[in-house]
file protein33.txt (compact mmCIF, C-alpha atoms and all ligand atoms)
# COMPACT_ATOMS: atom_id res chain seq x y z
CA MET A 1 87.80 109.20 109.42
CA GLU A 2 90.31 109.16 112.19
CA ALA A 3 90.41 112.94 112.55
CA LEU A 4 86.79 112.90 113.67
CA ASP A 5 87.24 110.03 116.08
CA HIS A 6 89.43 112.02 118.45
CA ASP A 7 88.30 114.92 120.51
CA HIS A 8 91.29 117.21 120.14
CA GLY A 9 89.48 120.46 120.76
CA GLY A 10 89.47 121.84 117.19
CA CYS A 11 86.63 122.23 114.72
CA LEU A 12 85.67 118.71 113.55
CA VAL A 13 85.27 119.49 109.85
CA PHE A 14 88.52 121.44 109.42
CA ASP A 15 90.71 118.34 109.65
CA SER A 16 88.85 116.32 107.07
CA PHE A 17 89.72 118.03 103.80
CA THR A 18 93.26 119.30 104.14
CA LEU A 19 94.06 120.45 100.62
CA SER A 20 96.85 118.71 98.79
CA ALA A 21 98.59 118.95 95.42
CA LEU A 22 99.37 116.26 92.88
CA PRO A 23 103.13 115.53 92.88
CA PRO A 24 104.97 116.67 89.70
CA GLU A 25 106.13 113.12 88.87
CA ASP A 26 102.49 111.98 88.72
CA GLU A 27 101.34 115.13 86.84
CA ALA A 28 103.97 114.13 84.27
CA LEU A 29 101.82 111.09 83.37
CA ARG A 30 99.22 113.38 81.79
CA ALA A 31 100.89 114.08 78.44
CA PRO A 32 101.74 110.48 77.47
CA VAL A 33 98.39 109.05 78.64
CA ARG A 34 96.57 111.85 76.81
CA ALA A 35 98.31 110.89 73.56
CA LEU A 36 97.21 107.26 73.93
CA ILE A 37 93.63 108.33 74.70
CA ALA A 38 93.49 110.77 71.75
CA GLU A 39 94.19 107.86 69.40
CA ALA A 40 91.45 105.70 71.01
CA ILE A 41 88.71 108.34 70.92
CA ALA A 42 89.55 109.87 67.52
CA ASP A 43 86.56 108.22 65.80
CA LEU A 44 84.11 108.31 68.74
CA SER A 45 81.14 110.71 68.64
CA LEU A 46 80.48 112.90 71.68
CA ASP A 47 77.57 110.75 72.84
CA CYS A 48 79.78 107.61 72.65
CA ARG A 49 82.42 109.43 74.68
CA ALA A 50 79.79 110.46 77.25
CA ARG A 51 79.26 106.68 77.78
CA SER A 52 82.87 106.33 79.08
CA TRP A 53 82.01 104.06 82.08
CA GLN A 54 79.91 101.89 79.76
CA GLY A 55 82.32 101.96 76.81
CA PHE A 56 83.74 98.44 76.43
CA ASP A 57 86.94 98.29 74.35
CA ALA A 58 89.17 95.36 75.31
CA ALA A 59 91.89 96.36 72.83
CA PHE A 60 92.15 99.84 74.39
CA SER A 61 92.37 98.34 77.90
CA ARG A 62 95.19 96.04 76.70
CA LYS A 63 97.00 99.09 75.27
CA LEU A 64 96.66 100.89 78.61
CA GLY A 65 98.02 97.80 80.36
CA ALA A 66 100.97 97.48 77.95
CA ALA A 67 101.82 101.16 78.47
CA GLY A 68 101.79 100.75 82.28
CA TYR A 69 98.59 102.70 83.06
CA LEU A 70 96.76 99.85 84.83
CA GLY A 71 97.64 98.50 88.28
CA LEU A 72 99.21 101.86 89.16
CA THR A 73 98.78 101.24 92.90
CA LEU A 74 99.74 97.54 92.81
CA PRO A 75 103.10 95.90 93.59
CA LYS A 76 105.57 95.32 90.76
CA ALA A 77 105.84 91.69 91.89
CA TYR A 78 102.31 91.18 90.49
CA GLY A 79 102.74 93.26 87.34
CA GLY A 80 101.69 96.57 88.91
CA GLN A 81 103.47 99.91 88.81
CA GLU A 82 103.85 100.74 92.55
CA ARG A 83 103.12 104.40 91.75
CA GLY A 84 100.33 104.97 94.27
CA PRO A 85 96.91 106.67 94.41
CA PHE A 86 98.04 110.08 93.04
CA ALA A 87 99.25 108.47 89.80
CA ARG A 88 95.95 106.62 89.52
CA PHE A 89 94.08 109.89 90.11
CA VAL A 90 95.85 111.56 87.17
CA VAL A 91 95.26 108.65 84.78
CA VAL A 92 91.60 108.19 85.76
CA GLU A 93 91.00 111.93 85.44
CA GLU A 94 92.45 111.95 81.92
CA LEU A 95 90.42 108.88 80.88
CA LEU A 96 87.12 110.29 82.14
CA ALA A 97 87.69 113.87 80.98
CA ALA A 98 88.22 112.58 77.44
CA GLY A 99 85.37 110.06 77.66
CA ALA A 100 87.64 107.10 76.90
CA PRO A 101 86.04 103.60 76.96
CA VAL A 102 87.04 102.27 80.38
CA ALA A 103 84.41 99.58 81.03
CA ALA A 104 86.57 96.57 80.18
CA HIS A 105 89.24 97.06 82.84
CA TRP A 106 87.43 99.51 85.16
CA ILE A 107 86.15 97.22 87.93
CA ALA A 108 89.09 94.78 87.82
CA ASP A 109 91.67 97.56 88.10
CA ARG A 110 89.84 99.58 90.74
CA GLN A 111 88.35 96.94 93.00
CA SER A 112 88.99 93.29 92.17
CA ALA A 113 92.80 93.45 92.02
CA PRO A 114 93.22 95.38 95.33
CA LEU A 115 90.71 93.00 96.96
CA ILE A 116 92.59 89.91 95.73
CA LEU A 117 95.89 91.49 96.78
CA ASN A 118 94.59 92.15 100.31
CA TYR A 119 92.62 88.97 100.97
CA GLY A 120 93.45 86.43 98.23
CA THR A 121 95.78 83.44 98.41
CA GLU A 122 99.18 83.62 96.70
CA GLU A 123 97.79 81.35 93.97
CA GLN A 124 94.82 83.70 93.38
CA ARG A 125 97.14 86.73 93.25
CA GLN A 126 99.39 85.08 90.66
CA LYS A 127 96.44 83.90 88.60
CA HIS A 128 94.55 87.21 88.45
CA ILE A 129 96.57 90.33 89.29
CA PRO A 130 99.20 90.26 86.50
CA ALA A 131 96.46 89.52 83.92
CA ILE A 132 94.38 92.44 85.28
CA CYS A 133 97.42 94.75 85.04
CA ARG A 134 97.87 93.70 81.39
CA GLY A 135 94.18 94.49 80.69
CA GLU A 136 93.49 90.85 79.87
CA GLN A 137 91.11 89.71 82.66
CA PHE A 138 87.81 91.45 83.31
CA PHE A 139 85.74 91.27 86.49
CA CYS A 140 82.27 92.22 87.69
CA ILE A 141 80.86 92.65 91.20
CA GLY A 142 78.02 90.40 92.36
CA MET A 143 76.74 92.07 95.50
CA SER A 144 73.14 93.21 94.79
CA GLU A 145 70.22 90.78 94.64
CA PRO A 146 66.50 91.31 94.18
CA GLY A 147 65.62 92.62 97.68
CA SER A 148 69.26 93.15 98.75
CA GLY A 149 70.80 96.34 97.39
CA SER A 150 71.41 98.82 100.17
CA ASP A 151 70.81 96.05 102.68
CA LEU A 152 73.57 93.69 101.56
CA ALA A 153 73.55 91.89 104.90
CA SER A 154 70.31 90.21 103.77
CA VAL A 155 71.98 88.42 100.80
CA ARG A 156 70.34 85.02 100.12
CA THR A 157 72.36 83.46 97.31
CA ARG A 158 74.11 80.46 98.88
CA ALA A 159 77.39 78.65 98.44
CA GLU A 160 77.33 75.20 100.07
CA ARG A 161 80.53 73.30 100.78
CA THR A 162 80.87 69.97 98.96
CA GLU A 163 83.61 67.34 98.82
CA LYS A 164 84.99 68.99 95.68
CA GLY A 165 84.63 72.64 96.71
CA TRP A 166 81.42 74.68 96.51
CA VAL A 167 78.04 74.64 94.83
CA VAL A 168 76.25 77.96 94.32
CA ASN A 169 72.52 78.67 93.89
CA GLY A 170 70.73 82.01 93.66
CA GLN A 171 70.49 85.24 91.69
CA LYS A 172 72.40 88.51 91.40
CA ILE A 173 71.07 91.69 89.79
CA TRP A 174 72.38 95.00 88.39
CA THR A 175 75.72 93.31 87.75
CA THR A 176 77.60 95.86 85.64
CA ASN A 177 79.63 94.43 82.77
CA SER A 178 78.75 90.80 83.58
CA LEU A 179 77.95 90.24 79.90
CA HIS A 180 81.61 90.82 78.98
CA SER A 181 83.48 89.76 82.11
CA ASP A 182 85.57 86.67 82.76
CA TYR A 183 84.89 86.47 86.51
CA MET A 184 82.44 87.72 89.10
CA ILE A 185 83.44 88.28 92.73
CA ALA A 186 80.21 87.41 94.50
CA LEU A 187 79.03 88.04 98.04
CA LEU A 188 77.37 84.80 99.08
CA ARG A 189 75.85 83.23 102.14
CA THR A 190 78.00 80.30 103.27
CA SER A 191 76.22 79.68 106.59
CA GLY A 192 73.12 80.71 108.50
CA GLY A 193 70.15 82.56 106.97
CA PRO A 194 69.36 86.17 105.93
CA GLU A 195 68.29 86.79 109.56
CA ASP A 196 71.91 86.25 110.61
CA ARG A 197 72.74 89.49 108.78
CA HIS A 198 76.46 89.99 108.21
CA LYS A 199 77.43 86.72 109.91
CA GLY A 200 78.04 83.83 107.49
CA LEU A 201 78.75 85.86 104.33
CA SER A 202 81.78 85.08 102.16
CA GLN A 203 83.26 86.21 98.84
CA LEU A 204 83.86 83.69 96.06
CA ILE A 205 85.35 84.07 92.57
CA ILE A 206 82.92 82.68 89.99
CA ASP A 207 84.10 81.83 86.48
CA LEU A 208 81.25 83.21 84.36
CA LYS A 209 81.77 80.48 81.76
CA ALA A 210 81.09 77.74 84.33
CA PRO A 211 78.05 75.48 83.64
CA GLY A 212 74.94 76.78 85.44
CA VAL A 213 75.74 80.49 85.02
CA THR A 214 73.19 82.43 82.92
CA VAL A 215 73.67 86.16 82.28
CA ARG A 216 70.57 87.99 81.05
CA PRO A 217 70.99 91.65 79.96
CA ILE A 218 68.84 94.41 81.50
CA VAL A 219 68.08 97.27 79.10
CA ASP A 220 68.23 100.62 80.88
CA LEU A 221 66.44 103.91 80.21
CA THR A 222 69.00 104.92 77.57
CA GLY A 223 68.51 101.70 75.56
CA ASP A 224 71.92 100.30 76.56
CA ALA A 225 72.41 96.98 78.37
CA HIS A 226 75.51 97.48 80.47
CA PHE A 227 74.23 95.58 83.48
CA ALA A 228 72.49 92.22 83.76
CA GLU A 229 70.82 89.62 85.94
CA VAL A 230 73.08 86.67 86.76
CA PHE A 231 71.38 83.35 87.55
CA LEU A 232 73.43 80.72 89.38
CA GLU A 233 72.06 77.18 89.23
CA ASN A 234 74.11 74.40 90.84
CA VAL A 235 77.33 76.15 89.79
CA GLU A 236 80.24 73.98 90.90
CA LEU A 237 83.41 75.77 92.03
CA GLY A 238 86.74 74.46 93.26
CA PRO A 239 87.89 74.93 96.89
CA ASP A 240 90.17 77.73 95.65
CA ALA A 241 87.14 79.93 94.77
CA LEU A 242 86.92 81.39 98.28
CA ILE A 243 88.64 84.78 98.73
CA GLY A 244 89.81 85.49 102.26
CA ALA A 245 88.33 83.74 105.25
CA GLU A 246 84.94 82.03 105.24
CA GLY A 247 82.43 84.24 107.08
CA GLN A 248 84.52 87.41 106.61
CA GLY A 249 82.65 88.56 103.48
CA TRP A 250 80.95 91.48 105.22
CA HIS A 251 84.19 92.96 106.50
CA GLN A 252 85.87 92.45 103.09
CA VAL A 253 82.96 93.98 101.15
CA THR A 254 82.95 97.07 103.37
CA ALA A 255 86.65 97.57 102.61
CA GLU A 256 86.00 97.00 98.88
CA LEU A 257 83.25 99.64 98.82
CA ALA A 258 85.76 102.14 100.24
CA PHE A 259 87.93 101.60 97.09
CA GLU A 260 84.81 102.11 94.95
CA ARG A 261 83.80 105.38 96.55
CA SER A 262 87.08 107.16 97.10
CA GLY A 263 88.21 107.75 93.52
CA PRO A 264 87.87 110.82 91.30
CA GLU A 265 85.26 108.98 89.22
CA ARG A 266 82.35 110.36 91.25
CA ILE A 267 82.57 113.89 89.81
CA TYR A 268 83.24 113.43 86.07
CA SER A 269 80.22 111.50 84.68
CA SER A 270 78.86 114.64 82.94
CA VAL A 271 82.18 116.20 82.04
CA VAL A 272 82.09 115.35 78.30
CA LEU A 273 78.71 117.11 78.07
CA LEU A 274 79.95 120.08 80.11
CA ASP A 275 83.01 120.43 77.90
CA ALA A 276 80.94 120.18 74.70
CA TRP A 277 78.45 122.79 75.95
CA ILE A 278 81.21 125.27 76.86
CA ARG A 279 82.68 124.79 73.35
CA HIS A 280 79.20 125.41 71.91
CA VAL A 281 78.79 128.61 73.93
CA GLN A 282 82.18 129.79 72.69
CA ALA A 283 81.35 128.85 69.07
CA VAL A 284 78.08 130.79 69.00
CA GLY A 285 79.81 133.77 70.65
CA ARG A 286 77.59 134.09 73.72
CA ALA A 287 78.86 136.59 76.30
CA ASP A 288 75.75 137.50 78.34
CA THR A 289 75.82 137.67 82.14
CA ALA A 290 73.61 134.61 82.71
CA THR A 291 75.85 132.36 80.58
CA THR A 292 79.04 133.67 82.20
CA ALA A 293 77.52 133.13 85.66
CA LEU A 294 76.45 129.56 84.81
CA VAL A 295 79.84 128.61 83.35
CA GLY A 296 81.54 130.17 86.39
CA ARG A 297 79.30 128.38 88.88
CA LEU A 298 79.73 124.95 87.30
CA MET A 299 83.51 125.37 87.00
CA ALA A 300 83.77 126.60 90.61
CA GLN A 301 81.77 123.58 91.82
CA MET A 302 83.92 121.19 89.82
CA GLY A 303 87.14 122.83 91.02
CA ALA A 304 86.06 122.54 94.66
CA LEU A 305 85.02 118.89 94.23
CA ARG A 306 88.29 118.10 92.48
CA ALA A 307 90.25 119.64 95.38
CA MET A 308 88.19 117.55 97.85
CA SER A 309 88.79 114.39 95.82
CA ILE A 310 92.56 115.07 95.73
CA ALA A 311 92.40 115.61 99.52
CA CYS A 312 90.80 112.13 99.85
CA THR A 313 93.51 110.68 97.61
CA ALA A 314 96.18 112.24 99.88
CA ARG A 315 94.64 110.34 102.80
CA LEU A 316 94.89 107.09 100.80
CA VAL A 317 98.54 107.90 100.04
CA ALA A 318 99.08 108.35 103.80
CA GLY A 319 97.76 104.80 104.29
CA GLU A 320 94.45 105.91 105.81
CA SER A 321 90.93 104.88 104.82
CA PRO A 322 88.95 108.11 104.26
CA VAL A 323 85.55 106.41 104.33
CA VAL A 324 83.58 109.45 105.51
CA GLU A 325 85.40 111.97 103.29
CA ALA A 326 84.85 109.70 100.27
CA SER A 327 81.12 109.54 101.13
CA VAL A 328 80.98 113.35 101.27
CA VAL A 329 82.69 113.62 97.86
CA LYS A 330 80.40 110.96 96.35
CA ASP A 331 77.25 112.63 97.70
CA LEU A 332 78.23 116.13 96.53
CA GLY A 333 79.96 114.86 93.38
CA THR A 334 76.99 112.87 92.10
CA SER A 335 74.67 115.83 92.87
CA PHE A 336 76.93 117.98 90.66
CA GLU A 337 76.97 115.31 87.94
CA GLN A 338 73.16 115.29 88.02
CA GLU A 339 72.87 119.06 87.98
CA VAL A 340 74.98 119.53 84.82
CA PRO A 341 72.50 118.03 82.29
CA LEU A 342 69.59 119.90 83.93
CA ALA A 343 71.40 123.26 83.81
CA ILE A 344 72.57 122.72 80.22
CA GLY A 345 69.12 121.56 79.11
CA ASP A 346 67.55 124.68 80.62
CA ASP A 347 70.23 126.86 79.05
CA LEU A 348 69.79 125.46 75.52
CA ALA A 349 65.98 125.61 75.85
CA SER A 350 66.21 129.29 76.76
CA HIS A 351 68.14 129.98 73.52
CA PRO A 352 65.71 128.44 70.99
CA ASP A 353 67.11 130.37 68.00
CA GLU A 354 70.64 129.13 68.50
CA PRO A 355 71.90 126.38 66.15
CA VAL A 356 72.86 123.33 68.24
CA SER A 357 74.63 120.31 66.71
CA ALA A 358 72.79 116.97 66.65
CA GLU A 359 75.78 115.46 68.46
CA LEU A 360 75.45 117.88 71.39
CA TYR A 361 71.68 117.17 71.57
CA ARG A 362 72.28 113.41 71.56
CA THR A 363 74.88 113.79 74.30
CA LEU A 364 72.52 115.92 76.40
CA LEU A 365 69.72 113.37 75.90
CA TYR A 366 71.96 110.47 76.91
CA VAL A 367 73.37 112.16 80.04
CA THR A 368 69.87 113.36 81.07
CA HIS A 369 68.57 109.78 80.82
CA ILE A 370 71.47 108.12 82.65
CA ALA A 371 71.89 110.79 85.37
CA PRO A 372 69.46 109.27 87.93
CA SER A 373 71.78 106.24 88.18
CA PHE A 374 74.79 108.37 89.22
CA SER A 375 73.62 108.59 92.83
CA LEU A 376 72.50 104.93 92.98
CA ARG A 377 75.50 102.95 91.70
CA GLY A 378 78.10 102.31 94.40
CA GLY A 379 75.69 103.14 97.24
CA THR A 380 72.71 105.47 97.35
CA ARG A 381 72.78 109.01 98.69
CA GLU A 382 70.76 108.04 101.80
CA ILE A 383 73.22 105.26 102.66
CA LEU A 384 76.18 107.64 102.24
CA ARG A 385 74.54 110.20 104.49
CA GLY A 386 74.04 107.49 107.11
CA ILE A 387 77.80 106.73 106.91
CA ILE A 388 78.63 110.44 107.28
CA ALA A 389 76.32 110.76 110.28
CA ARG A 390 77.96 107.72 111.89
CA GLY A 391 81.41 109.23 111.26
CA LEU A 392 80.32 112.41 113.04
CA GLY A 393 79.16 110.35 116.01
CA LEU A 394 75.48 111.12 115.36
CA ARG A 395 74.28 107.49 115.00
C1 LIG A 401 74.23 101.96 87.01
C2 LIG A 401 74.22 100.97 88.14
C3 LIG A 401 75.21 100.02 88.22
C4 LIG A 401 75.22 99.11 89.26
N1 LIG A 401 76.20 98.13 89.26
C5 LIG A 401 76.19 97.20 90.24
C6 LIG A 401 77.17 96.15 90.23
O1 LIG A 401 78.04 96.09 89.36
N2 LIG A 401 77.11 95.21 91.19
C7 LIG A 401 76.18 95.24 92.19
O2 LIG A 401 76.22 94.37 93.04
N3 LIG A 401 75.22 96.22 92.22
C8 LIG A 401 75.22 97.18 91.26
N4 LIG A 401 74.27 98.17 91.27
C9 LIG A 401 73.21 98.12 92.28
C10 LIG A 401 73.35 99.22 93.31
O3 LIG A 401 74.47 99.04 94.12
C11 LIG A 401 72.03 99.21 94.07
O4 LIG A 401 71.04 99.65 93.16
C12 LIG A 401 72.03 100.12 95.27
O5 LIG A 401 72.90 99.59 96.24
C13 LIG A 401 70.64 100.34 95.84
O6 LIG A 401 70.01 99.14 96.12
P1 LIG A 401 68.50 98.86 95.61
O7 LIG A 401 68.45 99.20 94.14
O8 LIG A 401 68.13 97.47 96.03
O9 LIG A 401 67.60 99.92 96.35
P2 LIG A 401 67.06 99.83 97.85
O10 LIG A 401 68.15 99.36 98.74
O11 LIG A 401 65.77 99.07 97.85
O12 LIG A 401 66.77 101.35 98.15
C14 LIG A 401 65.61 102.04 97.68
C15 LIG A 401 65.63 103.44 98.32
O13 LIG A 401 65.57 103.33 99.76
C16 LIG A 401 66.68 103.99 100.36
N5 LIG A 401 67.15 103.23 101.52
C17 LIG A 401 67.39 101.90 101.58
N6 LIG A 401 67.85 101.57 102.81
C18 LIG A 401 67.91 102.72 103.53
C19 LIG A 401 68.34 103.05 104.85
N7 LIG A 401 68.79 102.11 105.70
N8 LIG A 401 68.28 104.37 105.25
C20 LIG A 401 67.83 105.33 104.40
N9 LIG A 401 67.40 105.07 103.14
C21 LIG A 401 67.46 103.80 102.71
C22 LIG A 401 67.75 103.99 99.29
O14 LIG A 401 68.70 105.03 99.49
C23 LIG A 401 66.94 104.20 98.01
O15 LIG A 401 66.65 105.56 97.82
C24 LIG A 401 74.22 99.13 90.26
C25 LIG A 401 73.22 100.10 90.19
C26 LIG A 401 73.20 101.01 89.16
C27 LIG A 401 72.12 102.04 89.10
call {"tool": "encode", "arguments": {"input": "protein33.txt", "output": "structure tokens", "more": "lines below"}}
Ligand SMILES: Cc1cc2nc3c(=O)[nH]c(=O)nc-3n(C[C@H](O)[C@H](O)[C@H](O)COP(=O)(O)OP(=O)(O)OC[C@H]3O[C@@H](n4cnc5c(N)ncnc54)[C@H](O)[C@@H]3O)c2cc1C
result
Amino acid sequence: MEALDHDHGGCLVFDSFTLSALPPEDEALRAPVRALIAEAIADLSLDCRARSWQGFDAAFSRKLGAAGYLGLTLPKAYGGQERGPFARFVVVEELLAAGAPVAAHWIADRQSAPLILNYGTEEQRQKHIPAICRGEQFFCIGMSEPGSGSDLASVRTRAERTEKGWVVNGQKIWTTNSLHSDYMIALLRTSGGPEDRHKGLSQLIIDLKAPGVTVRPIVDLTGDAHFAEVFLENVELGPDALIGAEGQGWHQVTAELAFERSGPERIYSSVVLLDAWIRHVQAVGRADTATTALVGRLMAQMGALRAMSIACTARLVAGESPVVEASVVKDLGTSFEQEVPLAIGDDLASHPDEPVSAELYRTLLYVTHIAPSFSLRGGTREILRGIIARGLGLR
């Protein structure tokens, strides 16, 4: 948040969210990507569409890749589109608004490919980035461990150097999509102990089919198993598994988390439910003041968050790293995402004589159950507020 680092006499918060518009050439992506999505979701029920982040459909990801909707920010030399963050904003917005199944390519496209581009060797770039852009290689993120979630500096899982490369021992937890992924990019301790904090951490690419890797699903509150525990027992990796410099894992992970937090995806987790509820309200012909006020309030909140998220994207386009702004959007955005199912549940409960479709009820139930995770995944609210406070010079 460079604007806040300089004392230039103005009001600190005014500089942070300068509103911006999506360029017409990127807006033009909406119609063709919408057509592709419509085909993919034609047979999906509302509650399946509400699972968008968890919806794994490798064939759909390959279609997106073939049509040029993956790797939008990545160089053409590696199979990307070189279109930039605004184009990605439009495509991600369309995918999430429709509730398309994005899980297969989601992490690879958003985080792993940019990380490999920035820190990987030429060989790693050639091996992974074009395949990610085609929707053919899937990745998961192995940061959290039992006892190390917010406090990643205390990671214990170790990679020891051997004559042939590395040998890894330890355990990761809450690893989204590890059941279906090809590779995990893991944060591992390569020297020192947990007391050394961020010193001695490195990132390695682990082939999840390697001997010694066991992935055990964790069933969540909704009955789905989209994340898992990953056990690593004497997993042997080649010398080429290391991404970036040994001991630089902390610095690299911090940069990676900025990709994870700055996208539009932190405001749309309840949008399929919101859309379905507004259609329900229209269908039953409600026009009372309370309903109008609720629809207006939720739409106004979403519009403001969307404008803030586009403002963050404009900073990425300008080559900046809007770490603090992205934390503000994630904090407010996930609060909005969590409020939607509560407000809609209260609304439907206060109209007990109204016919409500089973599909809308199932969608409400699913989003209500999953909503607590919105403010945990990608960094908890308290951690984000600590980052904001630091950006304002308060810590
Ligand atoms: C749906 C979902 C998907 C996830 N996917 C992945 C994944 O793919 N890969 C991965 O590595 N991890 C993943 N995670 C894990 C996630 O990143 C962690 O759950 C998160 O970082 C919190 O860590 P923790 O669960 O260990 O909680 P803790 O760190 O133990 O925190 C418990 C509470 O204490 C608060 N707290 C902790 N430290 C501080 C502090 N310094 N100041 C103030 N408050 C503090 C936290 O905010 C929280 O409220 C996922 C989690 C969820 C819910």
call {"tool": "residues_near_ligand", "arguments": {"input": "protein33.txt", "ligand": "ligand LIG 401 (chain A)", "cutoff": "10 Å", "atoms": "all atoms listed in the file", "output": "ChimeraX atom specification"}}
result
/A:53-54,107,139-152,172-178,184-187,220,226-229,257,370-387
call {"tool": "residues_near_point", "arguments": {"input": "protein33.txt", "point": "(99.9, 114.8, 96.6)", "cutoff": "12 Å", "atoms": "all atoms listed in the file", "output": "PyMOL selection string"}}
result
chain A and resi 18-27+83-90+307+309-318
call {"tool": "atom_distance", "arguments": {"input": "protein33.txt", "atom1": "CA of Gly333 in chain A", "atom2": "CA of Val219 in chain A"}}
result
25.6 Å
call {"tool": "closest_residue", "arguments": {"input": "protein33.txt", "among": "A:Pro322, A:Pro355, A:Gly345, A:Pro75", "to": "Gly263 in chain A", "atoms": "only C-alpha atoms"}}
result
A:Pro322
call {"tool": "atom_distance", "arguments": {"input": "protein33.txt", "atom1": "CA of Glu325 in chain A", "atom2": "CA of Ala389 in chain A"}}
result
11.5 Å
call {"tool": "closest_atom_pairs", "arguments": {"input": "protein33.txt", "of": "range 212-273 of chain A", "to": "range 189-196 of chain A", "cutoff": "10 Å", "atoms": "only C-alpha atoms", "output": "Markdown table"}}
result
| residue | atom | partner | partner_atom | distance |
| --- | --- | --- | --- | --- |
| A:Glu246 | CA | A:Thr190 | CA | 7.4 |
| A:Gly247 | CA | A:Thr190 | CA | 7.0 |
| A:Gly249 | CA | A:Arg189 | CA | 8.7 |
call {"tool": "write_last_selection", "arguments": {"input": "protein33.txt", "atoms": "C-alpha atoms", "output": "CSV table (one decimal), in the coordinates of the input"}}
result
chain,number,residue,atom,x,y,z
A,246,GLU,CA,84.9,82.0,105.2
A,247,GLY,CA,82.4,84.2,107.1
A,249,GLY,CA,82.6,88.6,103.5
call {"tool": "atom_distance", "arguments": {"input": "protein33.txt", "atom1": "CA of Ala159 in chain A", "atom2": "CA of Gly212 in chain A"}}
result
13.4 Å
call {"tool": "residues_around", "arguments": {"input": "protein33.txt", "residues": "range 111-122 of chain A", "least_positions_apart": "4", "cutoff": "6 Å", "atoms": "only C-alpha atoms", "output": "VMD selection string"}}
result
chain A and resid 107 129 243 to 244
call {"tool": "closest_residue", "arguments": {"input": "protein33.txt", "among": "A:His105, A:His351, A:Arg266, A:Arg279", "to": "Ala59 in chain A", "atoms": "all atoms listed in the file"}}
result
A:His105
call {"tool": "residues_around", "arguments": {"input": "protein33.txt", "residues": "range 288-294 of chain A", "least_positions_apart": "4", "cutoff": "12 Å", "atoms": "only C-alpha atoms", "output": "ChimeraX atom specification"}}
result
/A:274,277-278,280-282,284,298-301,339-340,342-344,346-348,350-351
call {"tool": "residues_around", "arguments": {"input": "protein33.txt", "residues": "Phe60 in chain A", "least_positions_apart": "2", "cutoff": "12 Å", "atoms": "only C-alpha atoms", "output": "PyMOL selection string"}}
result
chain A and resi 33+36-41+55-58+62-67+69-70+95+100-106+134-136
call {"tool": "residues_around", "arguments": {"input": "protein33.txt", "residues": "Leu208 in chain A", "least_positions_apart": "3", "cutoff": "7 Å", "atoms": "all atoms listed in the file", "output": "JSON list (two decimals) with C-alpha atoms, keeping the file's coordinate frame"}}
result
[["chain", "number", "residue", "atom", "x", "y", "z"],
["A", 182, "ASP", "CA", 85.57, 86.67, 82.76],
["A", 183, "TYR", "CA", 84.89, 86.47, 86.51],
["A", 184, "MET", "CA", 82.44, 87.72, 89.10],
["A", 213, "VAL", "CA", 75.74, 80.49, 85.02]]
call {"tool": "closest_residue", "arguments": {"input": "protein33.txt", "among": "A:Asp353, A:Asp224, A:Glu320, A:Glu236", "to": "Gly165 in chain A", "atoms": "only C-alpha atoms"}}
result
A:Glu236
call {"tool": "residues_near_point", "arguments": {"input": "protein33.txt", "point": "(82.8, 107.6, 82.1)", "cutoff": "6 Å", "atoms": "all atoms listed in the file", "output": "list in words"}}
result
Arg51, Ser52, Trp53, Leu96, Gly99 and Ser269 of chain A
call {"tool": "closest_residue", "arguments": {"input": "protein33.txt", "among": "A:Val215, A:His369, A:Ala349, A:Val323", "to": "Leu392 in chain A", "atoms": "all atoms listed in the file"}}
result
A:Val323
call {"tool": "decode", "arguments": {"input": "protein33.txt", "residues": "range 375-383 of chain A", "atoms": "N, CA and C atoms", "output": "compact mmCIF listing (two decimals), in the first residue's frame"}}
result
# COMPACT_ATOMS: atom_id res chain seq x y z
N SER A 375 -14.56 -16.76 5.81
CA SER A 375 -13.61 -15.81 6.42
C SER A 375 -12.39 -16.53 7.01
N LEU A 376 -12.31 -17.87 6.83
CA LEU A 376 -11.12 -18.59 7.30
C LEU A 376 -10.15 -18.85 6.15
N ARG A 377 -10.68 -19.42 5.05
CA ARG A 377 -9.81 -19.81 3.92
C ARG A 377 -9.06 -18.57 3.40
N GLY A 378 -7.79 -18.76 3.10
CA GLY A 378 -7.00 -17.65 2.57
C GLY A 378 -6.56 -16.64 3.60
N GLY A 379 -6.73 -16.95 4.88
CA GLY A 379 -6.32 -16.01 5.95
C GLY A 379 -7.52 -15.52 6.73
N THR A 380 -7.46 -15.66 8.04
CA THR A 380 -8.63 -15.31 8.86
C THR A 380 -8.77 -13.79 8.97
N ARG A 381 -9.99 -13.40 9.38
CA ARG A 381 -10.32 -11.98 9.53
C ARG A 381 -9.33 -11.27 10.46
N GLU A 382 -8.96 -11.92 11.58
CA GLU A 382 -8.06 -11.27 12.55
C GLU A 382 -6.69 -11.02 11.92
N ILE A 383 -6.23 -11.99 11.12
CA ILE A 383 -4.92 -11.82 10.47
C ILE A 383 -4.99 -10.67 9.47
